[in-house]
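Structure data follow from data_4.tsv (TSV, C-alpha atoms):
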```tsv
chain	number	residue	atom	x	y	z
H	1	MET	CA	111.19	-6.47	78.68
H	2	LYS	CA	110.65	-7.37	82.32
H	3	ASN	CA	112.47	-4.23	83.42
H	4	PHE	CA	110.37	-2.14	81.06
H	5	ILE	CA	107.12	-3.55	82.50
H	6	LYS	CA	108.41	-3.12	86.04
H	7	ASN	CA	109.38	0.51	85.39
H	8	LEU	CA	106.05	1.17	83.71
H	9	MET	CA	104.14	-0.22	86.69
H	10	ASN	CA	106.23	1.87	89.09
H	11	CYS	CA	105.51	4.98	87.04
H	12	MET	CA	101.80	4.21	87.02
H	13	LEU	CA	101.85	3.68	90.80
H	14	ILE	CA	103.65	6.97	91.37
H	15	ALA	CA	101.25	8.76	89.05
H	16	SER	CA	98.27	7.31	90.89
H	17	LEU	CA	99.67	8.39	94.24
H	18	LEU	CA	100.31	11.90	92.92
H	19	LEU	CA	96.76	12.15	91.61
H	20	LEU	CA	95.42	10.96	94.97
H	21	ILE	CA	97.52	13.52	96.87
H	22	VAL	CA	96.54	16.34	94.52
H	23	GLY	CA	92.91	15.29	94.70
H	24	CYS	CA	92.91	15.21	98.49
H	25	GLY	CA	94.60	18.57	98.63
H	26	LYS	CA	92.05	20.03	96.26
H	27	ASN	CA	89.13	18.70	98.32
H	28	ALA	CA	90.63	20.04	101.55
H	29	GLU	CA	90.72	23.56	100.14
H	30	SER	CA	87.58	23.59	98.04
H	31	LYS	CA	84.81	24.09	100.61
H	32	GLY	CA	85.84	27.41	102.11
H	33	THR	CA	85.90	28.78	105.66
H	34	ILE	CA	83.56	28.29	108.59
H	35	ARG	CA	83.38	31.54	110.57
H	36	ILE	CA	82.51	31.25	114.25
H	37	GLY	CA	81.66	34.21	116.46
H	38	TYR	CA	82.32	33.82	120.17
H	39	GLN	CA	82.11	35.67	123.45
H	40	LYS	CA	84.30	35.00	126.46
H	41	ASN	CA	82.17	32.34	128.10
H	42	GLY	CA	83.12	28.83	129.15
H	43	THR	CA	81.87	26.65	126.31
H	44	THR	CA	82.83	28.59	123.19
H	45	LEU	CA	86.11	29.84	124.64
H	46	LEU	CA	87.18	26.31	125.62
H	47	LEU	CA	86.02	25.02	122.22
H	48	LYS	CA	88.35	27.54	120.58
H	49	ASP	CA	91.19	26.80	122.99
H	50	LYS	CA	91.13	23.03	122.42
H	51	GLY	CA	91.33	23.20	118.62
H	52	GLU	CA	89.52	19.88	118.10
H	53	LEU	CA	86.76	21.41	116.00
H	54	GLU	CA	89.32	22.76	113.53
H	55	LYS	CA	90.72	19.26	113.06
H	56	ALA	CA	87.29	17.75	112.46
H	57	LEU	CA	86.25	20.42	109.96
H	58	LYS	CA	89.61	20.27	108.18
H	59	GLU	CA	88.87	16.63	107.41
H	60	LYS	CA	85.64	17.80	105.77
H	61	GLY	CA	87.50	20.37	103.67
H	62	TYR	CA	86.89	23.49	105.73
H	63	LYS	CA	89.07	26.02	107.51
H	64	VAL	CA	87.86	27.71	110.71
H	65	GLU	CA	88.00	31.42	111.45
H	66	TRP	CA	87.19	32.78	114.92
H	67	SER	CA	85.89	36.30	115.65
H	68	GLU	CA	85.52	37.71	119.17
H	69	PHE	CA	82.54	39.86	120.17
H	70	ASN	CA	81.91	41.76	123.41
H	71	THR	CA	78.11	41.80	123.39
H	72	ALA	CA	75.21	39.61	122.33
H	73	THR	CA	73.87	42.46	120.20
H	74	SER	CA	77.06	42.75	118.15
H	75	ILE	CA	77.45	39.01	117.60
H	76	LEU	CA	73.84	38.64	116.44
H	77	GLU	CA	74.19	41.62	114.11
H	78	ALA	CA	77.24	39.93	112.56
H	79	LEU	CA	75.29	36.69	112.20
H	80	ASN	CA	72.43	38.53	110.52
H	81	ALA	CA	74.89	40.23	108.17
H	82	LYS	CA	76.34	36.79	107.35
H	83	SER	CA	79.84	37.84	108.28
H	84	ILE	CA	79.88	34.81	110.60
H	85	ASP	CA	78.17	31.41	110.28
H	86	PHE	CA	77.73	30.45	113.95
H	87	ALA	CA	77.20	32.34	117.19
H	88	ASN	CA	76.28	31.93	120.85
H	89	ALA	CA	74.15	34.39	122.84
H	90	GLY	CA	71.38	34.64	125.41
H	91	ASP	CA	67.66	34.29	124.98
H	92	ALA	CA	66.37	37.85	125.44
H	93	PRO	CA	68.94	39.45	123.09
H	94	SER	CA	68.09	36.91	120.40
H	95	VAL	CA	64.35	37.59	120.64
H	96	MET	CA	65.01	41.34	120.54
H	97	ALA	CA	67.19	40.88	117.46
H	98	LEU	CA	64.51	38.88	115.64
H	99	SER	CA	61.91	41.51	116.50
H	100	LYS	CA	64.06	44.05	114.64
H	101	GLY	CA	63.93	41.97	111.47
H	102	MET	CA	67.18	40.05	111.84
H	103	ASP	CA	67.35	36.50	110.52
H	104	PHE	CA	69.11	33.44	111.93
H	105	LYS	CA	68.24	29.99	113.21
H	106	TYR	CA	68.32	28.50	116.72
H	107	ILE	CA	70.17	25.19	116.51
H	108	ALA	CA	70.84	24.23	120.15
H	109	SER	CA	70.12	25.32	123.70
H	110	GLU	CA	71.70	24.94	127.10
H	111	PRO	CA	69.23	24.14	129.91
H	112	SER	CA	67.69	27.13	131.67
H	113	ALA	CA	70.05	28.44	134.37
H	114	PRO	CA	67.99	30.73	136.64
H	115	ASP	CA	70.61	30.82	139.39
H	116	THR	CA	73.14	32.55	137.15
H	117	GLU	CA	71.28	35.88	137.00
H	118	GLY	CA	69.92	37.97	139.82
H	119	ILE	CA	69.45	41.19	141.76
H	120	LEU	CA	72.28	42.25	144.06
H	121	VAL	CA	72.41	44.58	147.06
H	122	ARG	CA	75.35	45.34	149.32
H	123	GLY	CA	75.95	43.12	152.31
H	124	ASN	CA	74.98	45.82	154.82
H	125	SER	CA	71.94	47.03	152.86
H	126	ASN	CA	68.52	47.37	154.48
H	127	ILE	CA	67.03	46.13	151.20
H	128	LYS	CA	65.99	42.54	151.83
H	129	THR	CA	63.35	41.84	149.19
H	130	VAL	CA	62.39	42.99	145.71
H	131	ALA	CA	59.55	45.00	147.25
H	132	ASP	CA	62.15	47.03	149.15
H	133	LEU	CA	63.54	48.33	145.85
H	134	LYS	CA	60.73	50.89	145.60
H	135	GLY	CA	62.26	54.35	145.32
H	136	LYS	CA	65.82	52.97	145.15
H	137	LYS	CA	68.50	53.41	142.51
H	138	VAL	CA	68.82	50.22	140.47
H	139	ALA	CA	71.55	49.69	137.87
H	140	TYR	CA	70.98	47.45	134.84
H	141	ASN	CA	71.81	47.14	131.17
H	142	LYS	CA	69.11	48.62	128.95
H	143	ALA	CA	67.12	46.32	126.64
H	144	SER	CA	68.71	43.21	128.12
H	145	ILE	CA	67.84	40.09	130.08
H	146	ALA	CA	68.56	42.18	133.20
H	147	GLU	CA	65.84	44.71	132.39
H	148	TYR	CA	63.45	41.86	131.59
H	149	LEU	CA	64.15	40.23	134.96
H	150	LEU	CA	63.77	43.50	136.87
H	151	VAL	CA	60.44	44.36	135.24
H	152	GLN	CA	59.00	40.89	135.87
H	153	ALA	CA	60.37	40.71	139.45
H	154	LEU	CA	58.81	44.08	140.28
H	155	LYS	CA	55.55	43.00	138.64
H	156	LYS	CA	55.33	40.01	141.02
H	157	GLU	CA	55.44	42.49	143.91
H	158	GLY	CA	52.78	44.75	142.41
H	159	LEU	CA	55.37	47.32	141.31
H	160	LYS	CA	56.38	48.86	137.98
H	161	ILE	CA	59.73	49.89	136.55
H	162	ASP	CA	58.78	53.52	137.26
H	163	ASP	CA	58.67	52.66	140.97
H	164	VAL	CA	62.48	52.45	141.00
H	165	GLU	CA	65.09	54.95	139.83
H	166	SER	CA	66.67	53.29	136.81
H	167	VAL	CA	70.40	53.79	136.28
H	168	ILE	CA	71.34	52.48	132.84
H	169	LEU	CA	74.88	51.10	132.86
H	170	ASN	CA	76.73	48.22	131.21
H	171	PRO	CA	78.08	45.58	133.64
H	172	PRO	CA	81.66	46.94	134.01
H	173	ASP	CA	80.40	50.47	134.73
H	174	ALA	CA	77.60	49.20	136.94
H	175	SER	CA	80.12	47.19	138.94
H	176	VAL	CA	82.04	50.37	139.77
H	177	ALA	CA	78.89	52.35	140.59
H	178	PHE	CA	77.62	49.55	142.83
H	179	LYS	CA	80.94	49.21	144.62
H	180	ASN	CA	81.11	52.97	145.21
H	181	GLY	CA	77.59	53.12	146.62
H	182	GLU	CA	76.25	55.21	143.74
H	183	VAL	CA	73.37	52.76	143.23
H	184	ASP	CA	71.41	50.69	145.75
H	185	ALA	CA	70.99	47.53	143.68
H	186	TRP	CA	72.36	45.92	140.56
H	187	VAL	CA	70.64	43.47	138.19
H	188	VAL	CA	73.21	41.35	136.39
H	189	TRP	CA	74.26	37.90	135.23
H	190	ASP	CA	77.29	35.68	135.84
H	191	PRO	CA	80.20	35.91	136.24
H	192	TYR	CA	79.52	39.43	137.57
H	193	MET	CA	76.89	38.26	140.03
H	194	THR	CA	79.03	35.47	141.49
H	195	ALA	CA	82.08	37.74	141.68
H	196	SER	CA	80.10	40.42	143.51
H	197	ALA	CA	78.52	37.93	145.91
H	198	ALA	CA	81.99	36.58	146.71
H	199	ASN	CA	82.90	40.09	147.90
H	200	GLY	CA	80.16	40.03	150.53
H	201	ASN	CA	77.20	41.39	148.58
H	202	GLN	CA	73.79	39.73	148.73
H	203	VAL	CA	71.53	38.26	146.04
H	204	ILE	CA	67.93	39.10	146.99
H	205	ALA	CA	66.42	37.32	143.97
H	206	THR	CA	67.45	35.22	141.00
H	207	SER	CA	65.44	34.67	137.83
H	208	LYS	CA	64.16	31.37	139.25
H	209	GLY	CA	60.38	31.31	139.11
H	210	ILE	CA	60.35	34.71	137.41
H	211	VAL	CA	61.83	34.43	133.91
H	212	PRO	CA	63.57	31.67	131.92
H	213	TYR	CA	67.26	32.24	131.34
H	214	ARG	CA	68.97	30.23	128.61
H	215	SER	CA	71.99	30.38	126.36
H	216	PHE	CA	71.50	29.44	122.71
H	217	TYR	CA	73.59	28.53	119.69
H	218	PHE	CA	72.71	29.92	116.26
H	219	ALA	CA	73.55	29.44	112.59
H	220	THR	CA	72.72	31.27	109.40
H	221	ALA	CA	70.15	29.82	107.04
H	222	ASP	CA	72.87	29.79	104.38
H	223	ILE	CA	75.18	27.38	106.20
H	224	LEU	CA	72.22	25.13	107.00
H	225	LYS	CA	71.37	24.95	103.32
H	226	LYS	CA	74.99	24.53	102.26
H	227	ASP	CA	76.10	21.74	104.60
H	228	GLU	CA	74.00	20.43	107.50
H	229	ASP	CA	76.79	18.00	108.33
H	230	VAL	CA	78.97	20.96	109.32
H	231	VAL	CA	76.24	22.16	111.68
H	232	LYS	CA	76.00	18.72	113.27
H	233	THR	CA	79.78	18.61	113.65
H	234	VAL	CA	79.84	22.00	115.37
H	235	VAL	CA	77.06	21.01	117.77
H	236	LYS	CA	78.74	17.69	118.49
H	237	HIS	CA	81.96	19.41	119.54
H	238	ILE	CA	80.13	22.04	121.59
H	239	GLN	CA	78.37	19.19	123.40
H	240	SER	CA	81.65	17.41	124.06
H	241	VAL	CA	83.22	20.53	125.55
H	242	GLY	CA	80.07	21.30	127.54
H	243	LYS	CA	79.99	17.80	128.99
H	244	ASN	CA	83.61	18.13	130.07
H	245	ILE	CA	82.84	21.45	131.79
H	246	ASP	CA	79.91	19.89	133.65
H	247	GLU	CA	82.11	17.05	134.84
H	248	ASP	CA	85.04	19.26	135.83
H	249	PRO	CA	84.92	23.05	135.25
H	250	SER	CA	88.52	23.65	136.37
H	251	GLU	CA	90.06	23.59	132.87
H	252	ALA	CA	87.45	25.99	131.49
H	253	ALA	CA	87.82	28.22	134.55
H	254	GLN	CA	91.56	28.52	134.00
H	255	VAL	CA	91.09	29.40	130.33
H	256	LEU	CA	88.47	31.97	131.33
H	257	GLU	CA	90.74	33.50	133.97
H	258	THR	CA	93.49	33.90	131.39
H	259	ASN	CA	91.12	35.59	128.94
H	260	THR	CA	89.00	37.68	131.30
H	261	GLY	CA	91.12	38.37	134.37
H	262	ILE	CA	88.34	37.07	136.61
H	263	LYS	CA	89.65	34.51	139.11
H	264	SER	CA	89.21	30.85	138.24
H	265	ASP	CA	87.55	30.18	141.62
H	266	THR	CA	84.78	32.62	140.66
H	267	TRP	CA	84.36	30.94	137.30
H	268	ILE	CA	84.21	27.48	138.90
H	269	THR	CA	81.41	28.65	141.20
H	270	ALA	CA	79.53	30.21	138.31
H	271	LEU	CA	79.94	27.20	136.00
H	272	LYS	CA	78.74	24.81	138.69
H	273	LYS	CA	75.42	26.67	138.86
H	274	LYS	CA	74.49	25.67	135.32
H	275	SER	CA	74.81	22.96	132.70
H	276	SER	CA	77.08	23.89	129.80
H	277	ASN	CA	76.02	20.89	127.69
H	278	PRO	CA	73.60	22.06	124.96
H	279	GLN	CA	71.09	19.89	123.15
H	280	TYR	CA	69.32	20.33	119.86
H	281	MET	CA	66.25	22.54	120.15
H	282	ASP	CA	63.37	20.86	121.97
H	283	GLN	CA	59.84	21.91	122.87
H	284	GLU	CA	60.83	23.14	126.34
H	285	ALA	CA	63.37	25.57	124.87
H	286	ILE	CA	60.87	26.73	122.25
H	287	THR	CA	58.24	27.24	124.97
H	288	ASP	CA	60.65	29.33	127.06
H	289	LEU	CA	61.48	31.52	124.06
H	290	THR	CA	57.81	31.88	123.15
H	291	GLN	CA	57.04	32.99	126.71
H	292	GLN	CA	59.84	35.53	126.56
H	293	ALA	CA	58.74	36.89	123.20
H	294	LYS	CA	55.22	37.39	124.52
H	295	GLU	CA	56.32	39.05	127.76
H	296	LEU	CA	58.97	41.24	126.10
H	297	LYS	CA	56.27	42.63	123.83
H	298	GLU	CA	53.86	43.13	126.73
H	299	ILE	CA	56.38	45.18	128.69
H	300	GLY	CA	57.48	47.18	125.65
H	301	LEU	CA	61.01	45.83	125.18
H	302	ILE	CA	60.10	44.72	121.65
H	303	ASP	CA	57.58	46.21	119.22
H	304	GLN	CA	57.01	43.34	116.82
H	305	GLU	CA	55.60	39.90	117.58
H	306	VAL	CA	58.10	37.08	117.06
H	307	LYS	CA	56.97	33.61	116.03
H	308	ILE	CA	59.81	31.52	117.46
H	309	ALA	CA	58.91	28.35	115.54
H	310	ASP	CA	59.85	30.11	112.29
H	311	TYR	CA	63.46	30.42	113.47
H	312	VAL	CA	64.12	26.94	114.84
H	313	TRP	CA	66.17	24.25	113.09
H	314	ALA	CA	66.42	20.63	114.13
H	315	PRO	CA	68.42	17.82	112.45
```

Is it possible to express this structure as C-alpha cells?
Amino acid sequence: MKNFIKNLMNCMLIASLLLLIVGCGKNAESKGTIRIGYQKNGTTLLLKDKGELEKALKEKGYKVEWSEFNTATSILEALNAKSIDFANAGDAPSVMALSKGMDFKYIASEPSAPDTEGILVRGNSNIKTVADLKGKKVAYNKASIAEYLLVQALKKEGLKIDDVESVILNPPDASVAFKNGEVDAWVVWDPYMTASAANGNQVIATSKGIVPYRSFYFATADILKKDEDVVKTVVKHIQSVGKNIDEDPSEAAQVLETNTGIKSDTWITALKKKSSNPQYMDQEAITDLTQQAKELKEIGLIDQEVKIADYVWAP
C-alpha cells in the first residue's frame, strides 16, 4: 500500500511538471513575433548585435525579427504598411512621411544633435560662409534634412534655394562628386560629414542655431494597443545601449566599422558629438517637431499640415 501511494505521488509530480513545461512552452510561442526595422547607425545596430533584447522579449513570449533598411523613407513606409513594428529615423523624414498620410507613433527621442549635420566645402575652397554659396554648385539629398538645412541656412543670409545651383545626389554619389570637384559644397549628415572633414575638408556651418536635428524611435499603433509592455521593454533596452555608447563609443564604433566599412575612429568622433540615449517623448522634442512641420510646409517640402501631437505616445 505504501509503495502504491508513493508511486502514485511520483506519477502526479511528474504529470504536474510535464503540464508546467508544456504550459511554459505554449506561452513562449503564443504571442508572435516582434519585427524591428533598423538602419546602420550606432544604437540600433549595437542593440541587434548584443542580442539582449531578444532574451528579454523571449521571456515575454515573443520572438524578434530584424529587417535592414537603407533609407529613412523606406523604413517609415514599412512601418506604415505594418510590415515592421518598430523603427528608427530622423525628424524631417518622419514629418514628410506623416504629411503624405502615413501613420505611426513617436515613442522616444534622442536629444537634438546639431553638430552632426552641416555644410562642407573643400579645404582649399574660397567659400568661407553660407553667403559665399551664391551661384555655387551645392550637392544634397532631395526632400531630406539636408535640403531643409540648406534652405534655412540660405534664408538666414537673405538668400533662396534658387540662388545656388542644386545638384541632387544621395550621400554616396555626392561624396564622389564632392571629392572629384564636380560640386563646390555638400550638405550632409554624419558619418559622412565627419569622414569628409577628417580628409581635410571644412564645415562652414552646422545645423546649430538654424534647424533642430533629432533621431526618433517609432512604433505602430497596433503594437501599442496589443502590448505596451513590449514597447517599454524595447525603449528600455535602447536606452541601455545608448547609455553605454555615451560612456564609451568604442564598442559601437567597431560594430559600425564591420557593418559599414567606415573606420571606427570616424565613428567614435561622430558618436561623441551626440547623445545616443533616447528618452520618452517630452515637450521639447514635440516643440522641435512642430517647428519643423511648420517650416517644411512654409518652404514647400510638404504640402499638408501635420499636427505632431496626434502622433505622439507616452507611457

**OP:** Please identify all polymer residues within 7 Å of segment 272-289 of chain H, counting only C-alpha atoms, omitting same-chain residues fewer than 3 positions from it, and present them as an NGL selection string.
**Re:** :H and (43 or 91 or 107-111 or 113 or 115-116 or 212 or 239 or 242-243 or 245-246 or 268-269 or 292-293 or 308 or 314)

Original post:
If you count all atoms listed in the file, which residues fall within 7 Å of segment 178-186 of chain H, apart from same-chain ones fewer than 4 positions away, as a ChimeraX atom specification?
Top reply: /H:119-121,136-140,174

**OP:** Point out the residue among H:Gly209, H:Val312, H:Glu305, H:Glu247 with the least atom-to-atom distance to Gln152 of chain H, counting all atoms listed in the file.
**Re:**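 Of the candidates, the smallest distance to Gln152 of chain H is held by H:Gly209.
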
Subject >> H:Ile210, H:Ala131, H:Ala252, H:Val188 ranked by distance to Lys48 of chain H, top pick (using all atoms listed in the file) >> reply: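 Residue with the minimum atom-to-atom distance to Lys48 of chain H: H:Ala252.
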
Grab all the atoms of segment 269-272 of chain H that the file lists, wrap them in a box along x, y and z, add 6 Å per side, and give me centre plus edge lengths in Å (one decimal) as lines of an AutoDock Vina configuration file.
```
center_x = 80.1
center_y = 27.5
center_z = 138.6
size_x = 14.7
size_y = 17.4
size_z = 17.2
```

Original post:
So, counting only C-alpha atoms, which residue among H:Ala309, H:Ile223, H:Ile161, H:Leu301 is closest to Thr33 of chain H?
Top reply: H:Ile223

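If you look at atom CA of Asn141 of chain H and atom CA of Glu68 of chain H, they are 20.5 Å away from each other.
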
Subject >> Polymer residues at most 9 Å from (76.0, 36.0, 135.7) by all atoms listed in the file, as a PyMOL selection string >> reply: chain H and resi 115-118+188-195+270

Export of the given selection (C-alpha atoms) as a PDB file, in the coordinates of the input:
```pdb
ATOM      1  CA  ASP H 115      70.610  30.820 139.390  1.00  0.00           C
ATOM      2  CA  THR H 116      73.140  32.550 137.150  1.00  0.00           C
ATOM      3  CA  GLU H 117      71.280  35.880 137.000  1.00  0.00           C
ATOM      4  CA  GLY H 118      69.920  37.970 139.820  1.00  0.00           C
ATOM      5  CA  VAL H 188      73.210  41.350 136.390  1.00  0.00           C
ATOM      6  CA  TRP H 189      74.260  37.900 135.230  1.00  0.00           C
ATOM      7  CA  ASP H 190      77.290  35.680 135.840  1.00  0.00           C
ATOM      8  CA  PRO H 191      80.200  35.910 136.240  1.00  0.00           C
ATOM      9  CA  TYR H 192      79.520  39.430 137.570  1.00  0.00           C
ATOM     10  CA  MET H 193      76.890  38.260 140.030  1.00  0.00           C
ATOM     11  CA  THR H 194      79.030  35.470 141.490  1.00  0.00           C
ATOM     12  CA  ALA H 195      82.080  37.740 141.680  1.00  0.00           C
ATOM     13  CA  ALA H 270      79.530  30.210 138.310  1.00  0.00           C
TER      14      ALA H 270
END
```

Give me the segment 141-172 of chain H side of the contact with segment 69-90 of chain H, cut-off 12 Å, one line per residue showing its nearest atom pair and distance in Å at one decimal, counting all atoms listed in the file, sorted by chain and residue number, as a tab-separated table.
```
residue	atom	partner	partner_atom	distance
H:Asn141	CA	H:Thr71	CA	11.3
H:Lys142	CA	H:Thr73	CA	11.7
H:Ala143	CA	H:Thr73	CA	10.1
H:Ser144	CA	H:Gly90	CA	9.4
H:Ile145	CA	H:Gly90	CA	8.0
H:Ala146	CA	H:Gly90	CA	11.2
H:Asn170	CA	H:Thr71	CA	10.2
H:Pro171	CA	H:Thr71	CA	10.9
H:Pro172	CA	H:Asn70	CA	11.8
```

Original post:
In Å to one decimal, how far is atom CA of Ile299 of chain H from atom CA of Asn201 of chain H?
Top reply: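 Atom CA of Ile299 of chain H lies at a distance of 29.0 Å from atom CA of Asn201 of chain H.
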
Subject >> For Ala198 of chain H, the nearest of the candidates H:Val230, H:Ile262, H:Ile168, H:Ala219, counting all atoms listed in the file >> reply: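 Once distances to Ala198 of chain H are computed over all atoms listed in the file, the minimum belongs to H:Ile262.
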
**OP:** Measure the distance from atom CA of Lys63 of chain H to atom CA of Ile36 of chain H in Å and round it to one decimal.
**Re:**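 Going from atom CA of Lys63 of chain H over to atom CA of Ile36 of chain H, I get 10.8 Å.
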
**OP:** Rank nothing, just name the residue among H:Lys155, H:Lys55, H:Lys50, H:Lys226 nearest to Lys31 of chain H, using only C-alpha atoms.
**Re:** H:Lys226

**OP:** Tell me which protein, DNA and RNA residues are within 12 Å of Thr129 of chain H, counting all atoms listed in the file, leaving out same-chain ones fewer than 5 positions away, and put them as a list in words.
**Re:**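 In the requested format, the answer is Ile119, Leu120, Val121, Lys134, Ala153, Leu154, Lys156, Glu157, Ala185, Gln202, Val203, Ile204, Ala205 and Thr206 of chain H.
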
For C-alpha atoms, I'd like the residues from the last selection saved as an mmCIF file, in the coordinates of the input.
```
data_model
loop_
_atom_site.group_PDB
_atom_site.id
_atom_site.type_symbol
_atom_site.label_atom_id
_atom_site.label_comp_id
_atom_site.auth_asym_id
_atom_site.auth_seq_id
_atom_site.Cartn_x
_atom_site.Cartn_y
_atom_site.Cartn_z
ATOM 1 C CA ILE H 119 69.450 41.190 141.760
ATOM 2 C CA LEU H 120 72.280 42.250 144.060
ATOM 3 C CA VAL H 121 72.410 44.580 147.060
ATOM 4 C CA LYS H 134 60.730 50.890 145.600
ATOM 5 C CA ALA H 153 60.370 40.710 139.450
ATOM 6 C CA LEU H 154 58.810 44.080 140.280
ATOM 7 C CA LYS H 156 55.330 40.010 141.020
ATOM 8 C CA GLU H 157 55.440 42.490 143.910
ATOM 9 C CA ALA H 185 70.990 47.530 143.680
ATOM 10 C CA GLN H 202 73.790 39.730 148.730
ATOM 11 C CA VAL H 203 71.530 38.260 146.040
ATOM 12 C CA ILE H 204 67.930 39.100 146.990
ATOM 13 C CA ALA H 205 66.420 37.320 143.970
ATOM 14 C CA THR H 206 67.450 35.220 141.000
#
```

Please provide as a PDB file with C-alpha atoms, in the frame of the given file all residues within 7 Å of segment 255-260 of chain H, with the sequence filter that same-chain residues fewer than 4 positions apart are discarded (counting all atoms listed in the file).
```
ATOM      1  CA  GLY H  42      83.120  28.830 129.150  1.00  0.00           C
ATOM      2  CA  LEU H  46      87.180  26.310 125.620  1.00  0.00           C
ATOM      3  CA  GLU H 251      90.060  23.590 132.870  1.00  0.00           C
ATOM      4  CA  SER H 264      89.210  30.850 138.240  1.00  0.00           C
TER       5      SER H 264
END
```

**OP:** Within 12 Å of Lys297 of chain H, counting all atoms listed in the file, which residues show up once you throw out same-chain ones fewer than 4 positions away? Write them as a ChimeraX atom specification, please.
**Re:** /H:92,95-96,99,143,148,290-293,301-307

Atom completion result for segment 232-249 of chain H (N, CA and C atoms) as a CSV table (one decimal), in the coordinates of the input:
```
chain,number,residue,atom,x,y,z
H,232,LYS,N,76.0,19.8,112.3
H,232,LYS,CA,76.0,18.7,113.3
H,232,LYS,C,77.4,18.5,113.9
H,233,THR,N,78.4,18.7,113.1
H,233,THR,CA,79.8,18.6,113.6
H,233,THR,C,80.1,19.7,114.7
H,234,VAL,N,79.6,20.9,114.4
H,234,VAL,CA,79.8,22.0,115.4
H,234,VAL,C,79.1,21.7,116.7
H,235,VAL,N,77.8,21.3,116.6
H,235,VAL,CA,77.1,21.0,117.8
H,235,VAL,C,77.7,19.9,118.5
H,236,LYS,N,78.1,18.8,117.8
H,236,LYS,CA,78.7,17.7,118.5
H,236,LYS,C,79.9,18.1,119.3
H,237,HIS,N,80.8,19.0,118.8
H,237,HIS,CA,82.0,19.4,119.5
H,237,HIS,C,81.6,20.4,120.7
H,238,ILE,N,80.6,21.2,120.5
H,238,ILE,CA,80.1,22.0,121.6
H,238,ILE,C,79.6,21.2,122.7
H,239,GLN,N,78.9,20.1,122.4
H,239,GLN,CA,78.4,19.2,123.4
H,239,GLN,C,79.5,18.5,124.1
H,240,SER,N,80.5,18.1,123.4
H,240,SER,CA,81.6,17.4,124.1
H,240,SER,C,82.3,18.3,125.1
H,241,VAL,N,82.6,19.6,124.7
H,241,VAL,CA,83.2,20.5,125.6
H,241,VAL,C,82.3,20.8,126.7
H,242,GLY,N,81.0,21.0,126.5
H,242,GLY,CA,80.1,21.3,127.5
H,242,GLY,C,80.0,20.2,128.6
H,243,LYS,N,80.0,19.0,128.1
H,243,LYS,CA,80.0,17.8,129.0
H,243,LYS,C,81.2,17.8,129.9
H,244,ASN,N,82.4,18.1,129.3
H,244,ASN,CA,83.6,18.1,130.1
H,244,ASN,C,83.6,19.2,131.1
H,245,ILE,N,83.0,20.4,130.8
H,245,ILE,CA,82.8,21.4,131.8
H,245,ILE,C,81.9,21.0,132.9
H,246,ASP,N,80.8,20.4,132.6
H,246,ASP,CA,79.9,19.9,133.6
H,246,ASP,C,80.6,18.9,134.6
H,247,GLU,N,81.4,18.1,134.0
H,247,GLU,CA,82.1,17.0,134.8
H,247,GLU,C,83.2,17.7,135.7
H,248,ASP,N,84.0,18.6,135.1
H,248,ASP,CA,85.0,19.3,135.8
H,248,ASP,C,85.3,20.6,135.2
H,249,PRO,N,84.8,21.7,135.8
H,249,PRO,CA,84.9,23.0,135.2
H,249,PRO,C,86.3,23.7,135.4
```
